[in-house]
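The file model.cif comes next; it holds mmCIF, C-alpha atoms.
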```
data_coords
#
loop_
_atom_site.group_PDB
_atom_site.id
_atom_site.type_symbol
_atom_site.label_atom_id
_atom_site.label_comp_id
_atom_site.auth_asym_id
_atom_site.auth_seq_id
_atom_site.Cartn_x
_atom_site.Cartn_y
_atom_site.Cartn_z
ATOM 1 C CA MET A 1 -7.288 -16.937 -15.863
ATOM 2 C CA LYS A 2 -7.267 -13.573 -17.574
ATOM 3 C CA ALA A 3 -8.994 -10.487 -16.328
ATOM 4 C CA ARG A 4 -9.686 -7.127 -17.859
ATOM 5 C CA VAL A 5 -10.173 -4.062 -15.690
ATOM 6 C CA PHE A 6 -11.987 -0.989 -17.003
ATOM 7 C CA VAL A 7 -11.199 2.194 -15.114
ATOM 8 C CA THR A 8 -13.350 5.231 -15.847
ATOM 9 C CA LEU A 9 -13.927 8.607 -14.254
ATOM 10 C CA LYS A 10 -16.973 8.716 -12.018
ATOM 11 C CA GLN A 11 -20.087 10.361 -13.356
ATOM 12 C CA GLY A 12 -20.002 14.054 -12.544
ATOM 13 C CA VAL A 13 -16.202 14.273 -12.688
ATOM 14 C CA LEU A 14 -15.242 16.505 -15.589
ATOM 15 C CA ASP A 15 -13.125 14.679 -18.169
ATOM 16 C CA PRO A 16 -11.171 17.314 -20.107
ATOM 17 C CA GLN A 17 -9.477 14.669 -22.265
ATOM 18 C CA GLY A 18 -12.832 13.179 -23.257
ATOM 19 C CA GLU A 19 -14.045 16.669 -24.092
ATOM 20 C CA ALA A 20 -11.002 17.300 -26.301
ATOM 21 C CA VAL A 21 -11.626 13.992 -28.116
ATOM 22 C CA ARG A 22 -15.254 14.969 -28.666
ATOM 23 C CA HIS A 23 -14.230 18.332 -30.157
ATOM 24 C CA SER A 24 -11.762 16.589 -32.439
ATOM 25 C CA LEU A 25 -14.371 14.068 -33.594
ATOM 26 C CA GLU A 26 -16.770 16.913 -34.318
ATOM 27 C CA ALA A 27 -14.063 18.678 -36.304
ATOM 28 C CA LEU A 28 -13.806 15.507 -38.416
ATOM 29 C CA GLY A 29 -17.501 15.770 -39.191
ATOM 30 C CA PHE A 30 -18.878 13.212 -36.724
ATOM 31 C CA ASP A 31 -21.973 14.807 -35.313
ATOM 32 C CA GLY A 32 -24.576 13.656 -32.847
ATOM 33 C CA ILE A 33 -22.001 12.912 -30.125
ATOM 34 C CA ASN A 34 -23.546 13.669 -26.764
ATOM 35 C CA SER A 35 -20.386 13.086 -24.775
ATOM 36 C CA VAL A 36 -17.050 11.256 -24.766
ATOM 37 C CA ARG A 37 -15.489 9.784 -21.628
ATOM 38 C CA GLN A 38 -11.950 8.452 -21.736
ATOM 39 C CA GLY A 39 -10.755 5.668 -19.465
ATOM 40 C CA LYS A 40 -8.220 2.886 -19.378
ATOM 41 C CA VAL A 41 -8.155 -0.851 -19.778
ATOM 42 C CA ILE A 42 -5.749 -2.997 -17.780
ATOM 43 C CA GLU A 43 -5.266 -6.634 -18.773
ATOM 44 C CA LEU A 44 -4.071 -9.132 -16.203
ATOM 45 C CA ASP A 45 -2.925 -12.715 -16.657
ATOM 46 C CA LEU A 46 -3.427 -14.485 -13.327
ATOM 47 C CA ALA A 47 -2.253 -17.807 -11.946
ATOM 48 C CA GLU A 48 -5.600 -18.133 -10.163
ATOM 49 C CA ASP A 49 -8.073 -20.502 -11.912
ATOM 50 C CA ASP A 50 -11.108 -20.007 -9.708
ATOM 51 C CA ALA A 51 -13.341 -17.217 -11.059
ATOM 52 C CA GLY A 52 -14.668 -16.181 -7.658
ATOM 53 C CA ARG A 53 -11.251 -15.930 -6.078
ATOM 54 C CA ALA A 54 -9.859 -14.185 -9.158
ATOM 55 C CA GLU A 55 -12.582 -11.575 -9.037
ATOM 56 C CA THR A 56 -12.011 -10.924 -5.339
ATOM 57 C CA LEU A 57 -8.294 -10.597 -5.967
ATOM 58 C CA VAL A 58 -8.671 -8.187 -8.892
ATOM 59 C CA CYS A 59 -11.176 -6.047 -6.979
ATOM 60 C CA GLU A 60 -8.654 -5.780 -4.170
ATOM 61 C CA MET A 61 -6.014 -4.701 -6.714
ATOM 62 C CA CYS A 62 -8.410 -2.053 -8.002
ATOM 63 C CA GLU A 63 -9.092 -0.704 -4.522
ATOM 64 C CA LYS A 64 -5.410 -0.627 -3.587
ATOM 65 C CA LEU A 65 -3.801 0.587 -6.780
ATOM 66 C CA LEU A 66 -5.447 0.253 -10.177
ATOM 67 C CA ALA A 67 -8.196 2.811 -9.564
ATOM 68 C CA ASN A 68 -8.291 5.973 -7.480
ATOM 69 C CA THR A 69 -11.738 5.469 -6.025
ATOM 70 C CA VAL A 70 -11.983 9.153 -5.087
ATOM 71 C CA ILE A 71 -12.465 9.973 -8.764
ATOM 72 C CA GLU A 72 -12.691 6.673 -10.638
ATOM 73 C CA ASP A 73 -15.000 3.680 -10.954
ATOM 74 C CA TYR A 74 -13.812 0.265 -12.058
ATOM 75 C CA ARG A 75 -15.363 -2.807 -13.595
ATOM 76 C CA VAL A 76 -13.777 -6.258 -13.741
ATOM 77 C CA GLU A 77 -14.337 -8.739 -16.552
ATOM 78 C CA LEU A 78 -13.004 -12.286 -16.262
ATOM 79 C CA MET A 79 -11.958 -14.290 -19.305
ATOM 80 C CA PRO A 80 -11.429 -18.013 -18.652
ATOM 81 C CA MET B 1 18.877 22.141 17.894
ATOM 82 C CA THR B 2 17.604 23.151 14.488
ATOM 83 C CA MET B 3 14.917 21.289 12.604
ATOM 84 C CA LYS B 4 15.852 17.889 11.184
ATOM 85 C CA ALA B 5 14.421 17.368 7.714
ATOM 86 C CA ALA B 6 14.383 14.523 5.221
ATOM 87 C CA VAL B 7 13.576 14.472 1.518
ATOM 88 C CA ILE B 8 12.168 11.330 -0.087
ATOM 89 C CA VAL B 9 13.603 10.489 -3.503
ATOM 90 C CA PHE B 10 11.689 8.412 -6.056
ATOM 91 C CA PRO B 11 12.877 7.398 -9.505
ATOM 92 C CA GLY B 12 11.813 10.429 -11.546
ATOM 93 C CA SER B 13 11.884 12.971 -8.718
ATOM 94 C CA ASN B 14 13.506 16.133 -10.045
ATOM 95 C CA CYS B 15 12.966 18.796 -7.372
ATOM 96 C CA ASP B 16 14.522 16.792 -4.538
ATOM 97 C CA ARG B 17 17.788 18.734 -4.570
ATOM 98 C CA ASP B 18 16.082 22.121 -4.828
ATOM 99 C CA LEU B 19 13.969 21.162 -1.835
ATOM 100 C CA ALA B 20 17.088 20.044 0.060
ATOM 101 C CA VAL B 21 18.752 23.417 -0.646
ATOM 102 C CA ALA B 22 15.656 25.258 0.618
ATOM 103 C CA PHE B 23 15.618 23.220 3.848
ATOM 104 C CA LYS B 24 19.351 23.810 4.319
ATOM 105 C CA ASP B 25 19.029 27.554 3.682
ATOM 106 C CA ALA B 26 16.355 27.789 6.363
ATOM 107 C CA THR B 27 18.135 25.740 9.005
ATOM 108 C CA GLY B 28 21.798 25.496 8.118
ATOM 109 C CA ARG B 29 21.370 21.759 8.338
ATOM 110 C CA ALA B 30 21.326 19.560 5.251
ATOM 111 C CA PRO B 31 18.351 17.187 5.144
ATOM 112 C CA GLU B 32 18.707 13.446 4.841
ATOM 113 C CA MET B 33 17.934 12.153 1.357
ATOM 114 C CA ILE B 34 15.943 8.931 1.559
ATOM 115 C CA TRP B 35 15.509 6.507 -1.329
ATOM 116 C CA HIS B 36 11.986 5.194 -1.840
ATOM 117 C CA LYS B 37 12.997 1.570 -1.237
ATOM 118 C CA GLU B 38 13.936 2.274 2.373
ATOM 119 C CA THR B 39 11.427 0.944 4.858
ATOM 120 C CA ALA B 40 12.383 3.027 7.886
ATOM 121 C CA LEU B 41 13.064 6.695 8.511
ATOM 122 C CA PRO B 42 16.029 8.088 10.446
ATOM 123 C CA ALA B 43 15.266 8.797 14.096
ATOM 124 C CA GLY B 44 14.375 12.260 15.318
ATOM 125 C CA LEU B 45 12.951 13.732 12.117
ATOM 126 C CA ASP B 46 10.822 16.871 12.369
ATOM 127 C CA VAL B 47 9.667 17.219 8.785
ATOM 128 C CA ILE B 48 9.609 15.143 5.623
ATOM 129 C CA GLY B 49 9.540 16.680 2.154
ATOM 130 C CA ILE B 50 7.973 14.841 -0.767
ATOM 131 C CA PRO B 51 9.465 16.561 -3.806
ATOM 132 C CA GLY B 52 8.172 17.460 -7.235
ATOM 133 C CA GLY B 53 9.008 15.600 -10.383
ATOM 134 C CA PHE B 54 7.584 12.697 -12.359
ATOM 135 C CA SER B 55 7.892 9.766 -9.991
ATOM 136 C CA PHE B 56 7.714 6.482 -11.896
ATOM 137 C CA GLY B 57 7.113 8.443 -15.104
ATOM 138 C CA ASP B 58 3.577 9.364 -13.988
ATOM 139 C CA TYR B 59 2.587 5.817 -14.990
ATOM 140 C CA LEU B 60 -0.960 4.718 -14.109
ATOM 141 C CA ARG B 61 -1.773 8.028 -12.347
ATOM 142 C CA CYS B 62 0.534 10.816 -11.150
ATOM 143 C CA GLY B 63 1.943 9.758 -7.779
ATOM 144 C CA ALA B 64 0.070 6.432 -7.704
ATOM 145 C CA ILE B 65 3.060 4.103 -7.840
ATOM 146 C CA ALA B 66 5.186 6.278 -5.523
ATOM 147 C CA ALA B 67 2.350 6.304 -2.994
ATOM 148 C CA ARG B 68 2.638 2.496 -2.711
ATOM 149 C CA SER B 69 6.436 2.416 -2.409
ATOM 150 C CA PRO B 70 7.951 0.981 0.790
ATOM 151 C CA ILE B 71 9.026 4.307 2.329
ATOM 152 C CA MET B 72 5.525 5.771 2.129
ATOM 153 C CA ARG B 73 4.301 3.358 4.772
ATOM 154 C CA ALA B 74 6.878 4.837 7.139
ATOM 155 C CA VAL B 75 5.875 8.361 6.056
ATOM 156 C CA ALA B 76 2.213 7.566 6.800
ATOM 157 C CA ASP B 77 3.194 6.279 10.260
ATOM 158 C CA PHE B 78 5.261 9.427 10.814
ATOM 159 C CA ALA B 79 2.254 11.598 9.873
ATOM 160 C CA ALA B 80 -0.024 9.528 12.100
ATOM 161 C CA ARG B 81 2.315 10.255 15.014
ATOM 162 C CA GLY B 82 1.915 13.983 14.321
ATOM 163 C CA GLY B 83 4.981 14.507 12.129
ATOM 164 C CA HIS B 84 5.052 17.328 9.591
ATOM 165 C CA VAL B 85 4.984 16.433 5.899
ATOM 166 C CA LEU B 86 5.351 18.842 2.981
ATOM 167 C CA GLY B 87 4.342 17.605 -0.477
ATOM 168 C CA ILE B 88 5.080 19.849 -3.435
ATOM 169 C CA CYS B 89 3.648 19.293 -6.928
ATOM 170 C CA ASN B 90 4.187 15.568 -7.576
ATOM 171 C CA GLY B 91 4.589 15.342 -3.786
ATOM 172 C CA PHE B 92 1.051 16.725 -3.381
ATOM 173 C CA GLN B 93 -0.179 14.098 -5.849
ATOM 174 C CA VAL B 94 1.620 11.397 -3.848
ATOM 175 C CA LEU B 95 -0.041 12.632 -0.632
ATOM 176 C CA THR B 96 -3.555 12.510 -2.115
ATOM 177 C CA GLU B 97 -2.814 9.049 -3.533
ATOM 178 C CA THR B 98 -1.729 7.791 -0.103
ATOM 179 C CA GLY B 99 -4.810 9.321 1.498
ATOM 180 C CA LEU B 100 -2.759 11.618 3.758
ATOM 181 C CA LEU B 101 -4.614 14.482 2.104
ATOM 182 C CA PRO B 102 -8.192 14.314 0.772
ATOM 183 C CA GLY B 103 -9.393 14.921 -2.781
ATOM 184 C CA ALA B 104 -7.547 14.261 -6.020
ATOM 185 C CA LEU B 105 -5.453 16.063 -8.629
ATOM 186 C CA MET B 106 -6.808 15.715 -12.131
ATOM 187 C CA ARG B 107 -5.553 16.664 -15.598
ATOM 188 C CA ASN B 108 -5.469 20.482 -16.025
ATOM 189 C CA ALA B 109 -8.776 21.754 -17.366
ATOM 190 C CA GLY B 110 -7.024 23.278 -20.403
ATOM 191 C CA LEU B 111 -5.114 19.988 -20.976
ATOM 192 C CA LYS B 112 -1.807 21.829 -21.280
ATOM 193 C CA PHE B 113 1.278 21.434 -19.144
ATOM 194 C CA ILE B 114 1.591 24.804 -17.368
ATOM 195 C CA CYS B 115 5.003 26.145 -16.426
ATOM 196 C CA LYS B 116 4.960 29.768 -15.248
ATOM 197 C CA ASP B 117 5.001 32.025 -12.222
ATOM 198 C CA VAL B 118 1.538 32.423 -10.713
ATOM 199 C CA ASP B 119 0.146 34.769 -8.091
ATOM 200 C CA LEU B 120 -1.195 33.128 -4.958
ATOM 201 C CA THR B 121 -3.023 34.354 -1.884
ATOM 202 C CA VAL B 122 -2.025 32.989 1.510
ATOM 203 C CA ARG B 123 -5.334 31.919 3.051
ATOM 204 C CA THR B 124 -4.240 30.812 6.492
ATOM 205 C CA THR B 125 -1.246 31.494 8.685
ATOM 206 C CA ASP B 126 -2.392 28.904 11.202
ATOM 207 C CA SER B 127 0.155 26.199 10.353
ATOM 208 C CA ALA B 128 3.844 25.514 10.813
ATOM 209 C CA PHE B 129 4.223 26.048 7.053
ATOM 210 C CA THR B 130 2.581 29.447 6.697
ATOM 211 C CA SER B 131 3.095 31.293 9.994
ATOM 212 C CA SER B 132 5.739 33.653 8.543
ATOM 213 C CA TYR B 133 3.326 34.927 5.897
ATOM 214 C CA GLU B 134 0.524 37.431 6.455
ATOM 215 C CA LYS B 135 -3.024 36.220 5.997
ATOM 216 C CA GLY B 136 -4.207 37.527 2.624
ATOM 217 C CA GLN B 137 -0.634 38.152 1.451
ATOM 218 C CA HIS B 138 -0.079 37.870 -2.292
ATOM 219 C CA ILE B 139 2.992 35.923 -3.313
ATOM 220 C CA ARG B 140 4.410 34.804 -6.656
ATOM 221 C CA ILE B 141 5.526 31.182 -6.963
ATOM 222 C CA PRO B 142 6.065 29.047 -10.073
ATOM 223 C CA VAL B 143 3.881 26.131 -11.075
ATOM 224 C CA ALA B 144 5.018 23.356 -13.421
ATOM 225 C CA HIS B 145 2.430 20.638 -13.823
ATOM 226 C CA HIS B 146 0.055 18.783 -16.109
ATOM 227 C CA ASP B 147 -2.205 17.418 -13.388
ATOM 228 C CA GLY B 148 -2.863 20.124 -10.823
ATOM 229 C CA ASN B 149 -6.609 20.466 -11.143
ATOM 230 C CA TYR B 150 -7.651 19.879 -7.544
ATOM 231 C CA LEU B 151 -10.963 18.107 -7.130
ATOM 232 C CA ALA B 152 -13.024 18.007 -3.959
ATOM 233 C CA ASP B 153 -16.713 17.236 -3.685
ATOM 234 C CA ALA B 154 -19.086 19.768 -2.097
ATOM 235 C CA GLU B 155 -18.906 18.114 1.307
ATOM 236 C CA LEU B 156 -15.100 18.063 1.385
ATOM 237 C CA LEU B 157 -14.889 21.642 0.144
ATOM 238 C CA LYS B 158 -17.216 22.752 2.905
ATOM 239 C CA ARG B 159 -15.040 20.991 5.455
ATOM 240 C CA LEU B 160 -11.795 22.459 4.070
ATOM 241 C CA ARG B 161 -13.316 25.939 4.251
ATOM 242 C CA GLY B 162 -14.944 25.437 7.637
ATOM 243 C CA GLU B 163 -11.736 24.123 9.179
ATOM 244 C CA ASP B 164 -9.538 26.816 7.592
ATOM 245 C CA ARG B 165 -7.518 24.167 5.739
ATOM 246 C CA ILE B 166 -7.089 25.940 2.408
ATOM 247 C CA ALA B 167 -3.511 27.197 2.641
ATOM 248 C CA PHE B 168 -3.082 28.892 -0.746
ATOM 249 C CA THR B 169 -5.381 29.872 -3.611
ATOM 250 C CA TYR B 170 -4.577 30.986 -7.164
ATOM 251 C CA ASP B 171 -5.398 34.610 -7.960
ATOM 252 C CA ASP B 172 -5.941 33.637 -11.600
ATOM 253 C CA ASN B 173 -6.823 29.938 -11.670
ATOM 254 C CA PRO B 174 -4.523 28.270 -14.232
ATOM 255 C CA ASN B 175 -5.742 24.671 -14.077
ATOM 256 C CA GLY B 176 -9.427 24.478 -13.169
ATOM 257 C CA SER B 177 -8.941 23.650 -9.471
ATOM 258 C CA VAL B 178 -12.121 23.825 -7.450
ATOM 259 C CA ALA B 179 -12.351 27.070 -5.453
ATOM 260 C CA ASP B 180 -8.972 28.137 -6.946
ATOM 261 C CA ILE B 181 -7.229 25.804 -4.491
ATOM 262 C CA ALA B 182 -3.422 25.647 -4.817
ATOM 263 C CA GLY B 183 -2.631 23.989 -1.474
ATOM 264 C CA ILE B 184 -4.397 22.347 1.451
ATOM 265 C CA LEU B 185 -3.670 21.209 4.989
ATOM 266 C CA SER B 186 -4.543 17.949 6.701
ATOM 267 C CA GLU B 187 -7.012 17.826 9.564
ATOM 268 C CA ASN B 188 -4.202 18.179 12.158
ATOM 269 C CA ARG B 189 -2.642 20.992 10.016
ATOM 270 C CA ARG B 190 0.688 19.135 9.889
ATOM 271 C CA VAL B 191 0.547 17.867 6.328
ATOM 272 C CA LEU B 192 0.633 20.456 3.535
ATOM 273 C CA GLY B 193 0.209 19.640 -0.142
ATOM 274 C CA MET B 194 0.635 22.344 -2.757
ATOM 275 C CA MET B 195 1.091 22.415 -6.535
ATOM 276 C CA PRO B 196 3.255 25.585 -6.736
ATOM 277 C CA HIS B 197 6.981 25.245 -6.030
ATOM 278 C CA PRO B 198 8.137 27.421 -3.090
ATOM 279 C CA GLU B 199 11.597 25.786 -3.287
ATOM 280 C CA ARG B 200 12.031 27.357 -6.729
ATOM 281 C CA MET B 201 11.414 30.827 -5.294
ATOM 282 C CA ASN B 202 13.907 30.649 -2.486
ATOM 283 C CA ASP B 203 16.883 32.529 -3.918
ATOM 284 C CA ALA B 204 16.855 36.165 -5.024
ATOM 285 C CA THR B 205 19.246 35.427 -7.891
ATOM 286 C CA LEU B 206 16.714 32.949 -9.277
ATOM 287 C CA GLY B 207 13.769 35.336 -9.401
ATOM 288 C CA GLY B 208 12.607 35.998 -5.870
ATOM 289 C CA ARG B 209 12.202 34.831 -2.302
ATOM 290 C CA ASP B 210 8.416 34.474 -1.993
ATOM 291 C CA GLY B 211 8.830 30.790 -1.163
ATOM 292 C CA ALA B 212 11.435 31.322 1.556
ATOM 293 C CA PRO B 213 8.975 32.236 4.370
ATOM 294 C CA LEU B 214 7.480 28.741 4.100
ATOM 295 C CA PHE B 215 10.798 27.132 4.986
ATOM 296 C CA ARG B 216 11.501 29.820 7.584
ATOM 297 C CA SER B 217 8.105 29.142 9.195
ATOM 298 C CA LEU B 218 8.985 25.460 9.477
ATOM 299 C CA ALA B 219 12.457 26.161 10.869
ATOM 300 C CA GLU B 220 10.991 28.449 13.525
ATOM 301 C CA ALA B 221 8.138 26.114 14.449
ATOM 302 C CA LEU B 222 10.117 22.887 14.517
ATOM 303 C CA VAL B 223 13.047 23.316 16.810
ATOM 304 C CA SER B 224 14.382 19.837 17.292
ATOM 305 C CA ALA B 225 14.968 18.312 20.680
#
```
Written as structure tokens, that's how I'd like the structure from this file.
Amino acid sequence: MKARVFVTLKQGVLDPQGEAVRHSLEALGFDGINSVRQGKVIELDLAEDDAGRAETLVCEMCEKLLANTVIEDYRVELMP
Amino acid sequence: MTMKAAVIVFPGSNCDRDLAVAFKDATGRAPEMIWHKETALPAGLDVIGIPGGFSFGDYLRCGAIAARSPIMRAVADFAARGGHVLGICNGFQVLTETGLLPGALMRNAGLKFICKDVDLTVRTTDSAFTSSYEKGQHIRIPVAHHDGNYLADAELLKRLRGEDRIAFTYDDNPNGSVADIAGILSENRRVLGMMPHPERMNDATLGGRDGAPLFRSLAEALVSA
């Protein structure tokens, strides 16, 4: 089973990289951008076939390593 | 007996030898250099240094992979037993990633890598790291980092202030750190994390000695059995 993890900065945490991307987009003439937040996507290919167990496993990975939960939120998407 | 120090070395550490020289200058005793794959520490250590650099290429997050390396479990146990731990730059990032120090170090607010001497104020002398400074003393120490923007929420900041755990602040904040924080202490005051590099300001021929009192403080406080 494959899983995709989205790691993003928590709301309220300033994202200077997102801000720089927004400024650059505006410089290219894209207007009407309220904000840009940059995050990362981590793709995992797991031996586990059971969706429930896979989700539990990936959440544990997020808590222990993939996200820094002091500043980041994560979301897990499973792809059978 | 003089203080017994160790320096942890990760792939990508690059201030480990400078830190070793600073420890040796202060004590006359060369520290043990410990590779990150070790699972146990030598007996009788007084202080462990986590050096600056780019451990594991800063992959995932600065310090994240190093924080989960085998030796860090032993370092956490050492800290839990009341051992002294000094984390400088990437070492500070490693300590926040392991949870030995609270908060997090984010990308610099100006997005640039900053490498220059900065002026700091010593905020507390109540620690084995800062006792040889004067409270309120201004010192000049270099910074060299991309991710030194210290983040603490309002509650944590209040606690750090209330418990006198802010060790150093920037006089002219280079990176966006909350409350100009350059270094903080743990609750038991025995773990210090700081972004500036005192080990790079430890030799008069290399620009100054403003970092030397930190190592002298440790050497005086930690006289080994």
Within 8 Å of chain B, which residues belong to chain A? Use all atoms listed in the file and report them as number ranges by chain. A: 16-17, 65-66, 68, 70-71
For a cut-off of 12 Å around (9.0, 22.8, 16.7), file coordinates, pick out all residues using all atoms listed in the file and list them as a compact mmCIF listing (two decimals) with C-alpha atoms, in the frame of the given file.
```txt
# COMPACT_ATOMS: atom_id res chain seq x y z
CA MET B 1 18.88 22.14 17.89
CA THR B 2 17.60 23.15 14.49
CA MET B 3 14.92 21.29 12.60
CA LYS B 4 15.85 17.89 11.18
CA ALA B 5 14.42 17.37 7.71
CA GLY B 44 14.38 12.26 15.32
CA LEU B 45 12.95 13.73 12.12
CA ASP B 46 10.82 16.87 12.37
CA VAL B 47 9.67 17.22 8.78
CA GLY B 82 1.92 13.98 14.32
CA GLY B 83 4.98 14.51 12.13
CA HIS B 84 5.05 17.33 9.59
CA SER B 127 0.16 26.20 10.35
CA ALA B 128 3.84 25.51 10.81
CA PHE B 129 4.22 26.05 7.05
CA ARG B 190 0.69 19.14 9.89
CA ARG B 216 11.50 29.82 7.58
CA SER B 217 8.10 29.14 9.20
CA LEU B 218 8.98 25.46 9.48
CA ALA B 219 12.46 26.16 10.87
CA GLU B 220 10.99 28.45 13.52
CA ALA B 221 8.14 26.11 14.45
CA LEU B 222 10.12 22.89 14.52
CA VAL B 223 13.05 23.32 16.81
CA SER B 224 14.38 19.84 17.29
CA ALA B 225 14.97 18.31 20.68
```
Could you please determine the separation between atom CA of Cys62 of chain B and atom CA of Gln11 of chain A in Å, to one decimal place?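 About the pair atom CA of Cys62 of chain B and atom CA of Gln11 of chain A: they are 20.7 Å apart.
With all atoms listed in the file taken into account, the protein and nucleic acid residues at most 10 Å from Glu77 of chain A (excluding it and anything under 4 positions from it in its own chain) are A:Lys2, A:Ala3, A:Arg4, A:Val5, A:Phe6, A:Glu43, A:Glu55, A:Val58.
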Written selection (C-alpha atoms) as a tab-separated table (two decimals), in the coordinates of the input:
```
chain	number	residue	atom	x	y	z
A	2	LYS	CA	-7.27	-13.57	-17.57
A	3	ALA	CA	-8.99	-10.49	-16.33
A	4	ARG	CA	-9.69	-7.13	-17.86
A	5	VAL	CA	-10.17	-4.06	-15.69
A	6	PHE	CA	-11.99	-0.99	-17.00
A	43	GLU	CA	-5.27	-6.63	-18.77
A	55	GLU	CA	-12.58	-11.58	-9.04
A	58	VAL	CA	-8.67	-8.19	-8.89
```
Can you tell me how far atom CA of Asp58 of chain B sits from atom CA of Phe92 of chain B, in Å to one decimal? 13.2 Å
Report as a CSV table (one decimal) with C-alpha atoms, in the frame of the given file all protein, DNA and RNA residues lying within 9 Å of Asp18 of chain B, evaluated on only C-alpha atoms, omitting residues in the same chain fewer than 4 positions from it.
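What landed in out08.csv:
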```csv
chain,number,residue,atom,x,y,z
B,14,ASN,CA,13.5,16.1,-10.0
B,22,ALA,CA,15.7,25.3,0.6
B,23,PHE,CA,15.6,23.2,3.8
B,51,PRO,CA,9.5,16.6,-3.8
B,199,GLU,CA,11.6,25.8,-3.3
B,200,ARG,CA,12.0,27.4,-6.7
```
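Computed from the coordinates, the atom CA of Cys15 of chain B to atom CA of Pro198 of chain B distance equals 10.8 Å.
Within the 8 Å cut-off around Asp119 of chain B, using only C-alpha atoms and omitting residues fewer than 3 positions from it on the same chain, the listed residues are His138, Ile139, Arg140, Ile141, Tyr170, Asp171 and Asp172 of chain B.
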Could you list as a VMD selection string every residue that has an atom within 10 Å of (15.8, 6.7, -9.1), using the file's coordinates and counting all atoms listed in the file? chain B and resid 9 to 14 35 to 37 55 to 56
Could the residues in this selection be saved with C-alpha atoms as a PDB file, keeping the file's coordinate frame?
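The new file part_37.pdb reads:
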```
ATOM      1  CA  VAL B   9      13.603  10.489  -3.503  1.00  0.00           C
ATOM      2  CA  PHE B  10      11.689   8.412  -6.056  1.00  0.00           C
ATOM      3  CA  PRO B  11      12.877   7.398  -9.505  1.00  0.00           C
ATOM      4  CA  GLY B  12      11.813  10.429 -11.546  1.00  0.00           C
ATOM      5  CA  SER B  13      11.884  12.971  -8.718  1.00  0.00           C
ATOM      6  CA  ASN B  14      13.506  16.133 -10.045  1.00  0.00           C
ATOM      7  CA  TRP B  35      15.509   6.507  -1.329  1.00  0.00           C
ATOM      8  CA  HIS B  36      11.986   5.194  -1.840  1.00  0.00           C
ATOM      9  CA  LYS B  37      12.997   1.570  -1.237  1.00  0.00           C
ATOM     10  CA  SER B  55       7.892   9.766  -9.991  1.00  0.00           C
ATOM     11  CA  PHE B  56       7.714   6.482 -11.896  1.00  0.00           C
TER      12      PHE B  56
END
```
Take the PyMOL selection byres ((chain B and resi 162-169) around 7), apply it to the structure above, and return the hits as a ChimeraX atom specification. /B:120-124,158-161,170-171,180-186
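Remark: for Ala79 of chain B, the closest of the candidate residues B:Arg209, B:Lys135, B:Lys112, B:Arg189 is B:Arg189 (distances computed over all atoms listed in the file).
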Calculated over all atoms listed in the file, which of the candidates A:Asp31, A:Ala54, A:Val41, A:Glu48 has the smallest distance to Ala67 of chain A?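 Checking each candidate against Ala67 of chain A, we get A:Val41 as the closest.
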Around segment 11-15 of chain B, with edges along x, y and z and 6 Å added on all six sides, what centre and edge lengths do you get, in Å to one decimal, as JSON?
```
{"center_x": 12.7, "center_y": 13.1, "center_z": -9.5, "size_x": 13.7, "size_y": 23.4, "size_z": 16.2}
```
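Minimum atom-to-atom distance to Phe78 of chain B, evaluated using all atoms listed in the file, belongs to B:Leu41 out of B:Leu214, B:Met194, B:Ala66, B:Leu41.
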Explicit residue set for the PyMOL selection byres ((chain B and resi 50) around 8), as a CSV table (one decimal) with C-alpha atoms, keeping the file's coordinate frame:
```csv
chain,number,residue,atom,x,y,z
B,7,VAL,CA,13.6,14.5,1.5
B,8,ILE,CA,12.2,11.3,-0.1
B,9,VAL,CA,13.6,10.5,-3.5
B,16,ASP,CA,14.5,16.8,-4.5
B,48,ILE,CA,9.6,15.1,5.6
B,49,GLY,CA,9.5,16.7,2.2
B,51,PRO,CA,9.5,16.6,-3.8
B,52,GLY,CA,8.2,17.5,-7.2
B,85,VAL,CA,5.0,16.4,5.9
B,86,LEU,CA,5.4,18.8,3.0
B,87,GLY,CA,4.3,17.6,-0.5
B,88,ILE,CA,5.1,19.8,-3.4
B,90,ASN,CA,4.2,15.6,-7.6
B,91,GLY,CA,4.6,15.3,-3.8
B,92,PHE,CA,1.1,16.7,-3.4
B,94,VAL,CA,1.6,11.4,-3.8
```
Shell around Glu72 of chain A at 6 Å using all atoms listed in the file, local window under 4 positions removed, as a tab-separated table (two decimals) with C-alpha atoms, in the frame of the given file:
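After the write, result_10.tsv holds the following:
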```
chain	number	residue	atom	x	y	z
A	8	THR	CA	-13.35	5.23	-15.85
A	9	LEU	CA	-13.93	8.61	-14.25
A	10	LYS	CA	-16.97	8.72	-12.02
A	68	ASN	CA	-8.29	5.97	-7.48
```
N, CA and C atoms modelled onto segment 60-64 of chain A, as a JSON list (two decimals), in the frame of the given file:
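Once written, selection-v5.json looks like this:
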```
[["chain", "number", "residue", "atom", "x", "y", "z"],
["A", 60, "GLU", "N", -9.57, -6.29, -5.19],
["A", 60, "GLU", "CA", -8.65, -5.78, -4.17],
["A", 60, "GLU", "C", -7.53, -4.96, -4.83],
["A", 61, "MET", "N", -7.05, -5.45, -5.98],
["A", 61, "MET", "CA", -6.01, -4.70, -6.71],
["A", 61, "MET", "C", -6.54, -3.34, -7.15],
["A", 62, "CYS", "N", -7.81, -3.32, -7.56],
["A", 62, "CYS", "CA", -8.41, -2.05, -8.00],
["A", 62, "CYS", "C", -8.49, -1.08, -6.84],
["A", 63, "GLU", "N", -8.94, -1.58, -5.69],
["A", 63, "GLU", "CA", -9.09, -0.70, -4.52],
["A", 63, "GLU", "C", -7.75, -0.17, -4.04],
["A", 64, "LYS", "N", -6.71, -1.02, -4.14],
["A", 64, "LYS", "CA", -5.41, -0.63, -3.59],
["A", 64, "LYS", "C", -4.54, 0.15, -4.56]]
```
